[in-house]
$ cat input31.tsv   # TSV, C-alpha atoms
chain	number	residue	atom	x	y	z
A	10	MET	CA	4.01	-25.37	72.80
A	11	GLN	CA	5.85	-28.69	72.57
A	12	LEU	CA	9.17	-28.66	70.72
A	13	SER	CA	10.21	-32.23	71.18
A	14	SER	CA	9.18	-33.28	67.67
A	15	THR	CA	11.23	-30.52	66.01
A	16	LEU	CA	14.31	-31.24	68.10
A	17	ALA	CA	13.90	-34.99	67.64
A	18	TRP	CA	13.73	-34.50	63.88
A	19	LEU	CA	16.87	-32.32	63.96
A	20	VAL	CA	18.73	-35.01	65.88
A	21	ASP	CA	17.44	-38.07	64.02
A	22	ALA	CA	16.69	-37.11	60.44
A	23	ALA	CA	17.80	-33.60	59.49
A	24	ALA	CA	21.29	-34.64	58.38
A	25	GLU	CA	19.71	-36.76	55.64
A	26	THR	CA	17.85	-33.77	54.18
A	27	PRO	CA	18.90	-33.28	50.56
A	28	GLY	CA	19.68	-29.58	50.98
A	29	ALA	CA	19.64	-26.58	53.29
A	30	ASP	CA	16.48	-25.27	51.65
A	31	ARG	CA	14.54	-28.39	52.61
A	32	LEU	CA	15.98	-28.27	56.11
A	33	LEU	CA	14.73	-24.71	56.59
A	34	ALA	CA	11.26	-25.58	55.29
A	35	GLU	CA	11.04	-28.72	57.43
A	36	VAL	CA	12.15	-26.94	60.59
A	37	GLY	CA	9.78	-24.04	59.91
A	38	ALA	CA	6.81	-26.32	59.30
A	39	ARG	CA	7.58	-28.40	62.39
A	40	LEU	CA	7.93	-25.27	64.53
A	41	VAL	CA	4.53	-24.08	63.35
A	42	ALA	CA	3.09	-27.50	64.13
A	43	ASP	CA	4.69	-27.25	67.56
A	44	GLY	CA	2.84	-24.00	68.15
A	45	VAL	CA	5.45	-21.32	67.38
A	46	PRO	CA	3.72	-18.50	65.48
A	47	LEU	CA	5.96	-18.05	62.42
A	48	ALA	CA	5.47	-15.92	59.31
A	49	GLY	CA	8.79	-16.87	57.72
A	50	GLY	CA	12.35	-18.02	58.19
A	51	ALA	CA	15.75	-17.44	56.67
A	52	LEU	CA	18.85	-19.60	56.63
A	53	THR	CA	22.22	-18.22	55.50
A	54	LEU	CA	25.27	-20.36	54.83
A	55	ALA	CA	28.76	-19.34	53.74
A	56	VAL	CA	29.79	-21.43	50.74
A	57	PRO	CA	33.18	-22.15	49.18
A	58	HIS	CA	32.61	-20.97	45.61
A	59	PRO	CA	34.63	-18.86	43.15
A	60	LEU	CA	31.82	-16.32	42.76
A	61	ILE	CA	29.28	-16.84	45.53
A	62	ALA	CA	30.14	-15.91	49.11
A	63	ARG	CA	26.95	-17.08	50.78
A	64	ARG	CA	23.55	-18.48	50.03
A	65	THR	CA	20.38	-17.45	51.82
A	66	TRP	CA	17.18	-19.46	51.67
A	67	LEU	CA	13.92	-17.74	52.52
A	68	TRP	CA	10.80	-19.60	53.58
A	69	ARG	CA	7.27	-18.24	53.76
A	70	ALA	CA	5.14	-20.01	56.37
A	71	GLU	CA	1.81	-19.12	54.77
A	72	SER	CA	2.51	-20.69	51.39
A	73	GLY	CA	5.53	-22.90	52.05
A	74	GLU	CA	7.37	-21.07	49.25
A	75	LEU	CA	11.14	-21.25	49.24
A	76	ILE	CA	13.44	-18.93	47.39
A	77	GLU	CA	17.18	-18.55	47.28
A	78	ALA	CA	19.26	-15.39	47.29
A	79	LEU	CA	22.96	-15.29	46.53
A	80	GLY	CA	25.58	-13.04	48.07
A	81	PHE	CA	28.44	-12.61	45.66
A	82	ALA	CA	32.13	-12.43	46.38
A	83	GLY	CA	34.32	-9.45	45.44
A	84	ALA	CA	34.21	-7.65	42.10
A	85	PRO	CA	36.42	-8.85	39.21
A	86	ARG	CA	40.05	-7.76	39.21
A	87	ALA	CA	40.88	-4.53	37.40
A	88	GLY	CA	42.15	-4.89	33.84
A	89	ASN	CA	39.94	-7.87	33.07
B	204	MET	CA	11.43	-15.59	41.19
B	205	ILE	CA	12.84	-13.04	43.60
B	206	GLU	CA	11.38	-10.20	41.55
B	207	ALA	CA	8.06	-11.98	41.14
B	208	LEU	CA	7.65	-12.36	44.87
B	209	GLY	CA	8.73	-8.81	45.50
B	210	PHE	CA	11.81	-9.71	47.52
B	211	ALA	CA	14.43	-7.96	45.42
B	212	GLY	CA	14.47	-4.68	47.33
B	213	ALA	CA	15.06	-6.31	50.66
B	214	LEU	CA	17.94	-8.39	49.30
B	215	ALA	CA	19.65	-5.93	47.01
B	216	ALA	CA	22.39	-4.81	49.38
B	217	ASP	CA	23.10	-8.26	50.81
B	218	THR	CA	26.67	-8.46	49.56
B	219	ALA	CA	27.91	-5.45	51.48
B	220	ASN	CA	26.75	-6.43	54.92
B	221	SER	CA	26.99	-9.21	57.45
B	222	PRO	CA	26.04	-12.73	56.39
B	223	GLY	CA	22.46	-12.74	57.59
B	224	ASP	CA	21.55	-9.22	56.56
B	225	GLY	CA	19.68	-10.12	53.39
B	226	GLY	CA	17.53	-12.68	55.16
B	227	ARG	CA	16.99	-10.37	58.13
B	228	ARG	CA	15.80	-7.52	55.90
B	229	TRP	CA	13.49	-9.83	53.99
B	230	LEU	CA	12.02	-11.24	57.18
B	231	ALA	CA	11.38	-7.71	58.45
B	232	THR	CA	9.16	-7.04	55.41
B	233	LEU	CA	7.11	-10.16	56.04
B	234	ALA	CA	5.33	-9.56	59.33
B	235	ALA	CA	4.95	-7.19	62.25
B	236	GLY	CA	7.04	-9.12	64.78
B	237	HIS	CA	10.73	-8.65	65.52
B	238	VAL	CA	13.28	-10.75	63.67
B	239	HIS	CA	14.80	-13.42	65.90
B	240	GLU	CA	18.21	-14.50	64.66
B	241	ASP	CA	20.75	-17.02	65.98
B	242	ALA	CA	24.21	-17.92	64.79
B	243	VAL	CA	24.47	-21.69	64.42
B	244	GLY	CA	27.85	-22.28	66.00
B	245	SER	CA	30.61	-19.90	67.02
B	246	ARG	CA	32.73	-19.53	63.86
B	247	PRO	CA	32.79	-16.07	62.23
B	248	ASP	CA	31.21	-17.56	59.09
B	249	ALA	CA	28.74	-19.68	61.04
B	250	PRO	CA	25.31	-20.23	59.46
B	251	SER	CA	22.56	-17.95	60.69
B	252	LEU	CA	18.96	-18.96	61.25
B	253	GLY	CA	16.33	-16.21	61.42
B	254	TRP	CA	12.61	-16.24	62.10
B	255	ILE	CA	9.76	-13.78	62.27
B	256	GLY	CA	6.19	-14.07	63.51
B	257	PRO	CA	3.04	-11.98	63.24
B	258	ARG	CA	3.84	-10.59	66.72
B	259	PRO	CA	7.04	-10.40	68.80
B	260	PHE	CA	8.06	-13.81	70.13
B	261	THR	CA	7.53	-14.47	73.79
B	262	ARG	CA	10.57	-15.25	75.92
B	263	ARG	CA	9.59	-18.93	75.89
B	264	GLU	CA	9.26	-18.96	72.10
B	265	ALA	CA	12.60	-17.17	71.67
B	266	ASN	CA	14.27	-19.73	73.93
B	267	ALA	CA	12.74	-22.50	71.87
B	268	LEU	CA	14.13	-20.96	68.65
B	269	ARG	CA	17.57	-20.76	70.28
B	270	GLU	CA	17.30	-24.45	71.10
B	271	VAL	CA	16.44	-25.18	67.47
B	272	ALA	CA	19.56	-23.29	66.32
B	273	ARG	CA	21.67	-25.27	68.78
B	274	PHE	CA	20.28	-28.60	67.58
B	275	ALA	CA	20.58	-27.53	63.93
B	276	ALA	CA	24.37	-27.21	64.21
B	277	ALA	CA	25.16	-30.87	63.54
B	278	PRO	CA	22.86	-31.40	60.52
B	279	LEU	CA	23.92	-28.06	59.04
B	280	ALA	CA	27.56	-29.06	59.43
B	281	ALA	CA	26.82	-32.28	57.53
B	282	LEU	CA	25.00	-30.33	54.81
B	283	ALA	CA	27.84	-27.78	54.62
B	284	ALA	CA	30.42	-30.57	54.22
B	285	ARG	CA	28.43	-32.05	51.33
B	286	ALA	CA	28.00	-28.59	49.78
B	287	THR	CA	31.72	-27.90	50.10
B	288	LEU	CA	32.62	-31.14	48.31
B	289	THR	CA	30.10	-30.46	45.54
B	290	ALA	CA	31.20	-26.84	45.11
B	291	ALA	CA	34.87	-27.81	44.92
B	292	LEU	CA	34.23	-30.52	42.35
B	293	GLU	CA	31.98	-28.24	40.29
B	294	ALA	CA	34.58	-25.47	40.32
B	295	TYR	CA	37.34	-27.76	39.08
B	296	LEU	CA	35.44	-30.26	36.92
B	297	GLY	CA	32.25	-28.51	35.82
B	298	ARG	CA	28.73	-29.24	36.95
B	299	ARG	CA	27.98	-32.38	34.92
B	300	SER	CA	31.35	-34.00	35.48
B	301	ALA	CA	31.14	-33.22	39.19
B	302	ALA	CA	27.74	-34.87	39.41
B	303	ARG	CA	29.14	-37.95	37.64
B	304	VAL	CA	32.15	-38.14	39.95
B	305	LEU	CA	29.94	-37.81	43.03
B	306	ALA	CA	27.51	-40.44	41.78
B	307	GLY	CA	29.99	-42.97	40.44
B	308	PRO	CA	32.65	-45.25	41.89
B	309	LEU	CA	35.99	-43.60	42.58
B	310	ARG	CA	38.03	-45.86	40.34
B	311	ARG	CA	39.01	-46.31	36.71
B	312	ASP	CA	36.18	-47.34	34.47
B	313	ILE	CA	35.47	-47.48	30.77
B	314	GLY	CA	33.18	-44.50	31.10
B	315	GLU	CA	30.08	-43.62	29.17
B	316	THR	CA	29.84	-42.89	25.46
B	317	ILE	CA	28.01	-39.64	24.84
B	318	GLN	CA	27.25	-37.68	21.70
B	319	ALA	CA	27.94	-33.98	21.85
B	320	ALA	CA	28.85	-30.90	19.91
B	321	LEU	CA	32.47	-30.34	20.86
B	322	LEU	CA	34.17	-26.96	21.05
B	323	PHE	CA	37.91	-26.52	21.14
B	324	ALA	CA	39.43	-23.06	21.35
B	325	ASP	CA	42.78	-21.50	22.04
B	326	LEU	CA	44.63	-18.24	21.77
B	327	ARG	CA	46.95	-17.64	18.84
B	328	GLY	CA	50.44	-16.48	19.70
B	329	PHE	CA	50.02	-17.29	23.36
B	330	THR	CA	53.59	-18.57	23.71
B	331	ALA	CA	54.93	-15.25	22.40
B	332	LEU	CA	52.55	-13.36	24.69
B	333	SER	CA	53.68	-15.35	27.72
B	334	GLU	CA	57.36	-14.82	26.91
B	335	SER	CA	57.07	-11.07	26.44
B	336	ASN	CA	54.85	-10.20	29.44
B	337	PRO	CA	55.14	-10.62	33.20
B	338	PRO	CA	53.28	-13.64	34.61
B	339	SER	CA	50.63	-11.48	36.25
B	340	ALA	CA	49.74	-9.89	32.88
B	341	VAL	CA	49.66	-13.31	31.23
B	342	ILE	CA	47.35	-14.70	33.90
B	343	SER	CA	45.13	-11.64	33.64
B	344	ALA	CA	44.89	-12.13	29.86
B	345	LEU	CA	44.17	-15.84	30.29
B	346	ASP	CA	41.44	-15.20	32.87
B	347	ALA	CA	39.83	-12.60	30.61
B	348	TRP	CA	39.93	-15.01	27.64
B	349	PHE	CA	38.53	-17.91	29.65
B	350	ASP	CA	35.72	-15.68	30.98
B	351	ARG	CA	34.71	-14.78	27.44
B	352	ILE	CA	34.70	-18.33	26.14
B	353	ALA	CA	33.44	-20.23	29.21
B	354	GLY	CA	30.69	-17.70	29.98
B	355	PRO	CA	28.88	-18.21	26.65
B	356	VAL	CA	29.49	-21.98	26.79
B	357	HIS	CA	27.68	-22.17	30.12
B	358	ALA	CA	25.04	-19.63	29.11
B	359	PHE	CA	24.04	-21.78	26.13
B	360	GLY	CA	23.90	-25.04	28.06
B	361	GLY	CA	27.40	-26.35	27.43
B	362	GLU	CA	30.07	-27.34	29.87
B	363	VAL	CA	33.77	-26.68	29.95
B	364	LEU	CA	35.53	-30.02	30.36
B	365	LYS	CA	39.11	-28.81	30.44
B	366	PHE	CA	41.35	-25.80	30.46
B	367	MET	CA	44.66	-26.87	28.94
B	368	GLY	CA	47.19	-24.04	28.97
B	369	ASP	CA	45.41	-21.43	26.89
B	370	GLY	CA	43.11	-24.05	25.35
B	371	VAL	CA	39.51	-24.87	26.24
B	372	LEU	CA	37.59	-28.08	25.52
B	373	ALA	CA	33.84	-27.83	25.99
B	374	ILE	CA	30.83	-29.95	25.14
B	375	PHE	CA	27.17	-29.40	24.37
B	376	PRO	CA	25.63	-32.83	25.02
B	377	VAL	CA	23.03	-34.07	22.53
B	378	VAL	CA	19.73	-34.47	24.32
B	379	GLY	CA	16.99	-36.81	23.11
B	380	GLY	CA	18.92	-38.11	20.11
B	381	ALA	CA	18.48	-34.96	17.99
B	382	PRO	CA	21.81	-33.14	17.58
B	383	ARG	CA	20.44	-29.90	16.18
B	384	GLY	CA	19.86	-28.22	19.54
B	385	ALA	CA	23.40	-28.95	20.71
B	386	CYS	CA	24.91	-27.80	17.40
B	387	ASP	CA	22.91	-24.57	17.33
B	388	ALA	CA	23.79	-23.88	20.97
B	389	ALA	CA	27.49	-24.36	20.25
B	390	LEU	CA	27.32	-21.94	17.32
B	391	ARG	CA	25.47	-19.38	19.44
B	392	ALA	CA	28.08	-19.69	22.14
B	393	VAL	CA	30.84	-19.08	19.62
B	394	SER	CA	29.00	-16.07	18.27
B	395	ALA	CA	28.69	-14.61	21.78
B	396	ALA	CA	32.33	-15.37	22.51
B	397	ARG	CA	33.40	-13.48	19.39
B	398	VAL	CA	31.46	-10.42	20.53
B	399	GLY	CA	33.02	-10.67	23.98
B	400	MET	CA	36.53	-11.02	22.56
B	401	ALA	CA	35.99	-8.02	20.27
B	402	GLN	CA	35.04	-5.94	23.30
B	403	LEU	CA	38.00	-7.28	25.25
B	404	ASP	CA	40.37	-6.42	22.41
B	405	ASP	CA	38.98	-2.86	22.28
B	406	ALA	CA	39.57	-2.50	26.02
B	407	ARG	CA	43.08	-3.92	25.74
B	408	ARG	CA	43.96	-1.56	22.87
B	409	GLN	CA	42.82	1.41	24.98
B	410	GLN	CA	45.22	0.20	27.70
B	411	GLY	CA	48.08	-0.10	25.19
B	412	LEU	CA	47.89	-3.90	25.23
B	413	SER	CA	47.90	-6.20	22.24
B	414	PRO	CA	44.67	-7.90	21.17
B	415	LEU	CA	44.14	-11.60	21.83
B	416	PRO	CA	43.50	-13.42	18.53
B	417	PHE	CA	41.96	-16.83	18.95
B	418	GLY	CA	40.72	-19.85	17.05
B	419	VAL	CA	37.62	-21.98	17.72
B	420	ALA	CA	36.60	-25.26	16.15
B	421	LEU	CA	33.27	-27.08	16.42
B	422	HIS	CA	32.56	-30.71	15.66
B	423	LEU	CA	29.82	-33.22	16.35
B	424	GLY	CA	30.72	-36.70	17.50
B	425	GLU	CA	30.88	-39.34	20.18
B	426	MET	CA	33.36	-39.50	23.00
B	427	LEU	CA	34.11	-41.58	26.04
B	428	TRP	CA	33.53	-39.67	29.25
B	429	GLY	CA	34.76	-41.13	32.51
B	430	ASN	CA	37.55	-41.85	35.00
B	431	ILE	CA	40.86	-42.29	33.23
B	432	GLY	CA	44.31	-42.30	34.73
B	433	ALA	CA	46.60	-44.21	37.05
B	434	ALA	CA	45.05	-46.52	39.61
B	435	ASP	CA	45.45	-43.95	42.37
B	436	ARG	CA	45.42	-40.69	40.40
B	437	LEU	CA	42.32	-40.21	38.28
B	438	ASP	CA	41.17	-37.65	35.78
B	439	PHE	CA	37.54	-37.32	34.81
B	440	THR	CA	37.84	-36.50	31.17
B	441	ALA	CA	36.72	-37.11	27.61
B	442	ILE	CA	38.64	-38.98	24.94
B	443	GLY	CA	37.97	-40.33	21.47
B	444	PRO	CA	38.40	-39.60	17.79
B	445	ALA	CA	35.94	-36.70	17.92
B	446	VAL	CA	38.08	-34.97	20.56
B	447	ASN	CA	41.18	-35.46	18.41
B	448	LEU	CA	39.40	-34.14	15.35
B	449	VAL	CA	38.10	-30.95	16.95
B	450	SER	CA	41.58	-30.23	18.30
B	451	ARG	CA	43.18	-30.75	14.88
B	452	LEU	CA	40.46	-28.70	13.21
B	453	GLU	CA	41.21	-25.80	15.51
B	454	GLY	CA	44.83	-26.05	14.44
B	455	LEU	CA	43.65	-25.32	10.90
B	456	CYS	CA	42.31	-21.87	11.91
B	457	ARG	CA	45.70	-20.24	11.47
B	458	THR	CA	46.33	-21.93	8.09
B	459	LEU	CA	42.95	-20.81	6.74
B	460	ASP	CA	43.16	-17.46	8.52
B	461	LYS	CA	39.77	-17.95	10.15
B	462	SER	CA	38.85	-17.59	13.78
B	463	VAL	CA	35.98	-20.10	13.59
B	464	LEU	CA	35.94	-23.47	11.79
B	465	VAL	CA	33.09	-25.95	11.78
B	466	SER	CA	33.29	-29.59	10.72
B	467	GLY	CA	31.01	-30.91	7.99
B	468	LYS	CA	29.43	-33.25	10.49
B	469	LEU	CA	28.25	-30.38	12.70
B	470	ALA	CA	27.39	-28.19	9.70
B	471	ALA	CA	25.03	-30.91	8.44
B	472	GLU	CA	22.99	-30.76	11.65
B	473	THR	CA	22.47	-27.02	12.05
B	474	GLY	CA	20.15	-24.58	10.39
B	475	VAL	CA	22.70	-21.79	10.79
B	476	SER	CA	24.04	-20.52	7.48
B	477	LEU	CA	27.73	-21.45	7.10
B	478	ILE	CA	30.37	-20.82	4.44
B	479	PRO	CA	32.06	-23.89	2.89
B	480	LEU	CA	35.86	-23.84	2.82
B	481	GLY	CA	36.45	-27.15	1.03
B	482	THR	CA	37.79	-30.46	2.28
B	483	HIS	CA	41.01	-30.54	4.26
B	484	ALA	CA	43.35	-33.20	5.58
B	485	LEU	CA	43.89	-33.00	9.34
B	486	ARG	CA	47.07	-34.27	10.91
B	487	GLY	CA	46.56	-37.68	12.48
B	488	ILE	CA	42.99	-38.00	11.17
B	489	ALA	CA	42.49	-40.69	8.53
B	490	SER	CA	39.73	-39.11	6.46
B	491	PRO	CA	39.71	-35.56	5.08
B	492	CYS	CA	37.24	-33.25	6.78
B	493	ALA	CA	34.73	-30.94	5.13
B	494	VAL	CA	35.30	-27.53	6.71
B	495	PHE	CA	32.97	-24.57	7.07
B	496	THR	CA	33.20	-21.16	8.71
B	497	VAL	CA	30.74	-18.57	9.95
B	498	PRO	CA	30.04	-15.31	8.13
B	499	GLU	CA	32.23	-12.44	9.28
B	500	ASN	CA	30.33	-9.72	11.13
$ encode --input "input31.tsv" --output "structure tokens"
Amino acid sequence: MQLSSTLAWLVDAAAETPGADRLLAEVGARLVADGVPLAGGALTLAVPHPLIARRTWLWRAESGELIEALGFAGAPRAGN
Amino acid sequence: MIEALGFAGALAADTANSPGDGGRRWLATLAAGHVHEDAVGSRPDAPSLGWIGPRPFTRREANALREVARFAAAPLAALAARATLTAALEAYLGRRSAARVLAGPLRRDIGETIQAALLFADLRGFTALSESNPPSAVISALDAWFDRIAGPVHAFGGEVLKFMGDGVLAIFPVVGGAPRGACDAALRAVSAARVGMAQLDDARRQQGLSPLPFGVALHLGEMLWGNIGAADRLDFTAIGPAVNLVSRLEGLCRTLDKSVLVSGKLAAETGVSLIPLGTHALRGIASPCAVFTVPEN
């Protein structure tokens, strides 16, 4: 198991990734290539949004599929 | 997508628990190993990064994943800063305008001319409502109204450009040079908003509150869309004769005692059946405007 390529990518190139979903997929794929036995990964970020409290991206190692799940903020105020 | 991949059950209760719970539960359904999870940083709302393998991770592998989380902190912070800027602009400007602001130069420009179905709506009697109710009740009524107009606008592909007092200006951009799709979408949004407002009025009556009558006008035309303002204080907005016309047309709702008015220009581009109301002069608009309305339910 050699992690230098994953860590090097995180240091050198990950900040240019267009979104958190791609970052998760890239890290996951690089970890697998580095010899870490992965079935999947999940990345959760808190987001400043009127309705959404956090976003979770889910990555499946076998297929490379990415999906997104949203965690919503509080319920609407009463009387609305 | 979530349903199709069979993930919904694992994620359903995500909102009630700690930030990484949804991802952790999903990972646990994926393989036989134990979920390895690291917080990326020390803040209470720090990102979390979770992994699972077909077997439990060895100590060496777990240490390696911890290293990955540590090295991911800087790029994730950069991504989070970009996401925060985008989310703030989208919340205040709308998705399309936010994308334009982010992509364009941050200075005055002549903007871009776009063709769109324009929607202008406001509440009738809002001044009286605001003078006879406490501010919290007024804001609650405004929020409820905006939900019921902006929700359908977004659901049918439009975008709210502005909230102005109790007024709303929204657009349905014409795509591919054929206005019919935008015009039909605007009419569908108005139809949905009317249903929503009827339900809101029923709920308000049951609470002993007055209903919220409103007027909506639709028009098809061109407008300039871009950065307008003082050199150091910009507004990303839309201007042009079509914006003036739709605003004036909405003002005619009270005179004609109709909640929905449609300009002849938009009526000519839609297959939706409309009722002609004649030609009317609009204040500040040079040419009279053919006016239509929608059938009452």
$ closest_atom_pairs --input "input31.tsv" --of "chain A" --to "chain B" --cutoff "9 Å" --atoms "all atoms listed in the file" --output "CSV"
residue,atom,partner,partner_atom,distance
A:Met10,CA,B:Glu264,CA,8.3
A:Leu12,CA,B:Ala267,CA,7.2
A:Thr15,CA,B:Val271,CA,7.6
A:Leu16,CA,B:Val271,CA,6.5
A:Leu19,CA,B:Ala275,CA,6.1
A:Val20,CA,B:Phe274,CA,6.8
A:Ala22,CA,B:Pro278,CA,8.4
A:Ala23,CA,B:Pro278,CA,5.6
A:Ala24,CA,B:Pro278,CA,4.2
A:Glu25,CA,B:Pro278,CA,7.9
A:Thr26,CA,B:Leu282,CA,8.0
A:Pro27,CA,B:Leu282,CA,8.0
A:Gly28,CA,B:Leu282,CA,6.6
A:Ala29,CA,B:Leu282,CA,6.7
A:Leu32,CA,B:Leu279,CA,8.5
A:Leu33,CA,B:Leu252,CA,8.5
A:Val36,CA,B:Val271,CA,8.3
A:Gly37,CA,B:Trp254,CA,8.6
A:Leu40,CA,B:Leu268,CA,8.6
A:Val45,CA,B:Glu264,CA,6.5
A:Pro46,CA,B:Gly256,CA,5.4
A:Leu47,CA,B:Gly256,CA,4.1
A:Ala48,CA,B:Gly256,CA,4.6
A:Gly49,CA,B:Ile255,CA,5.6
A:Gly50,CA,B:Trp254,CA,4.3
A:Ala51,CA,B:Gly253,CA,4.9
A:Leu52,CA,B:Leu252,CA,4.7
A:Thr53,CA,B:Ser251,CA,5.2
A:Leu54,CA,B:Pro250,CA,4.6
A:Ala55,CA,B:Asp248,CA,6.1
A:Val56,CA,B:Thr287,CA,6.8
A:Pro57,CA,B:Thr287,CA,6.0
A:His58,CA,B:Ala290,CA,6.1
A:Pro59,CA,B:Ala294,CA,7.2
A:Ala62,CA,B:Thr218,CA,8.2
A:Arg63,CA,B:Pro222,CA,7.2
A:Arg64,CA,B:Pro222,CA,8.9
A:Thr65,CA,B:Gly226,CA,6.5
A:Trp66,CA,B:Gly226,CA,7.6
A:Leu67,CA,B:Gly226,CA,6.8
A:Arg69,CA,B:Leu233,CA,8.4
A:Ile76,CA,B:Ile205,CA,7.0
A:Glu77,CA,B:Ile205,CA,7.9
A:Ala78,CA,B:Leu214,CA,7.4
A:Leu79,CA,B:Asp217,CA,8.2
A:Gly80,CA,B:Thr218,CA,4.9
A:Phe81,CA,B:Thr218,CA,6.0
A:Ala82,CA,B:Thr218,CA,7.5
A:Gly83,CA,B:Thr218,CA,8.7
A:Arg86,CA,B:Ser343,CA,8.5
A:Gly88,CA,B:Ser343,CA,7.4
A:Asn89,CA,B:Ala347,CA,5.3
$ atom_distance --input "input31.tsv" --atom1 "CA of Leu75 in chain A" --atom2 "CA of Ala38 in chain A"
12.1 Å
$ closest_residue --input "input31.tsv" --among "B:Gly354, B:Pro479, B:Gly244, B:Pro416" --to "Ala395 in chain B" --atoms "all atoms listed in the file"
B:Gly354
$ residues_around --input "input31.tsv" --residues "range 305-319 of chain B" --least-positions-apart "4" --cutoff "8 Å" --atoms "only C-alpha atoms" --output "PDB file with C-alpha atoms, in the frame of the given file"
ATOM      1  CA  THR B 289      30.100 -30.460  45.540  1.00  0.00           C
ATOM      2  CA  ALA B 301      31.140 -33.220  39.190  1.00  0.00           C
ATOM      3  CA  ILE B 374      30.830 -29.950  25.140  1.00  0.00           C
ATOM      4  CA  PHE B 375      27.170 -29.400  24.370  1.00  0.00           C
ATOM      5  CA  PRO B 376      25.630 -32.830  25.020  1.00  0.00           C
ATOM      6  CA  VAL B 377      23.030 -34.070  22.530  1.00  0.00           C
ATOM      7  CA  PRO B 382      21.810 -33.140  17.580  1.00  0.00           C
ATOM      8  CA  ALA B 385      23.400 -28.950  20.710  1.00  0.00           C
ATOM      9  CA  LEU B 423      29.820 -33.220  16.350  1.00  0.00           C
ATOM     10  CA  GLY B 424      30.720 -36.700  17.500  1.00  0.00           C
ATOM     11  CA  GLU B 425      30.880 -39.340  20.180  1.00  0.00           C
ATOM     12  CA  MET B 426      33.360 -39.500  23.000  1.00  0.00           C
ATOM     13  CA  LEU B 427      34.110 -41.580  26.040  1.00  0.00           C
ATOM     14  CA  TRP B 428      33.530 -39.670  29.250  1.00  0.00           C
ATOM     15  CA  GLY B 429      34.760 -41.130  32.510  1.00  0.00           C
ATOM     16  CA  ASN B 430      37.550 -41.850  35.000  1.00  0.00           C
ATOM     17  CA  ILE B 431      40.860 -42.290  33.230  1.00  0.00           C
ATOM     18  CA  GLY B 432      44.310 -42.300  34.730  1.00  0.00           C
ATOM     19  CA  ALA B 433      46.600 -44.210  37.050  1.00  0.00           C
ATOM     20  CA  ALA B 434      45.050 -46.520  39.610  1.00  0.00           C
ATOM     21  CA  ASP B 435      45.450 -43.950  42.370  1.00  0.00           C
ATOM     22  CA  LEU B 437      42.320 -40.210  38.280  1.00  0.00           C
TER      23      LEU B 437
END
$ atom_distance --input "input31.tsv" --atom1 "CA of Ile488 in chain B" --atom2 "CA of Arg451 in chain B"
8.1 Å
$ atom_distance --input "input31.tsv" --atom1 "CA of Ala373 in chain B" --atom2 "CA of Leu322 in chain B"
5.0 Å
$ decode --input "input31.tsv" --residues "range 55-66 of chain A" --atoms "N, CA and C atoms" --output "mmCIF file, in the first residue's frame"
data_model
loop_
_atom_site.group_PDB
_atom_site.id
_atom_site.type_symbol
_atom_site.label_atom_id
_atom_site.label_comp_id
_atom_site.auth_asym_id
_atom_site.auth_seq_id
_atom_site.Cartn_x
_atom_site.Cartn_y
_atom_site.Cartn_z
ATOM 1 N N ALA A 55 -21.455 20.743 5.544
ATOM 2 C CA ALA A 55 -22.489 21.710 5.921
ATOM 3 C C ALA A 55 -22.490 22.805 4.859
ATOM 4 N N VAL A 56 -23.666 23.288 4.490
ATOM 5 C CA VAL A 56 -23.731 24.329 3.456
ATOM 6 C C VAL A 56 -24.591 25.494 3.951
ATOM 7 N N PRO A 57 -24.209 26.724 3.600
ATOM 8 C CA PRO A 57 -25.054 27.856 3.937
ATOM 9 C C PRO A 57 -26.153 27.983 2.882
ATOM 10 N N HIS A 58 -27.359 27.598 3.230
ATOM 11 C CA HIS A 58 -28.461 27.599 2.273
ATOM 12 C C HIS A 58 -29.751 27.803 3.053
ATOM 13 N N PRO A 59 -30.733 28.496 2.469
ATOM 14 C CA PRO A 59 -31.977 28.746 3.214
ATOM 15 C C PRO A 59 -32.729 27.467 3.573
ATOM 16 N N LEU A 60 -32.589 26.426 2.780
ATOM 17 C CA LEU A 60 -33.370 25.199 3.016
ATOM 18 C C LEU A 60 -32.509 23.992 3.360
ATOM 19 N N ILE A 61 -31.327 23.937 2.792
ATOM 20 C CA ILE A 61 -30.491 22.737 2.935
ATOM 21 C C ILE A 61 -29.445 22.959 4.018
ATOM 22 N N ALA A 62 -29.358 22.019 4.958
ATOM 23 C CA ALA A 62 -28.395 22.155 6.051
ATOM 24 C C ALA A 62 -27.057 21.520 5.689
ATOM 25 N N ARG A 63 -27.121 20.409 4.974
ATOM 26 C CA ARG A 63 -25.876 19.734 4.599
ATOM 27 C C ARG A 63 -26.108 18.873 3.362
ATOM 28 N N ARG A 64 -25.016 18.639 2.676
ATOM 29 C CA ARG A 64 -25.063 17.815 1.474
ATOM 30 C C ARG A 64 -24.127 16.633 1.685
ATOM 31 N N THR A 65 -24.609 15.467 1.332
ATOM 32 C CA THR A 65 -23.780 14.260 1.433
ATOM 33 C C THR A 65 -23.651 13.642 0.052
ATOM 34 N N TRP A 66 -22.423 13.371 -0.343
ATOM 35 C CA TRP A 66 -22.175 12.677 -1.610
ATOM 36 C C TRP A 66 -21.738 11.252 -1.290
#
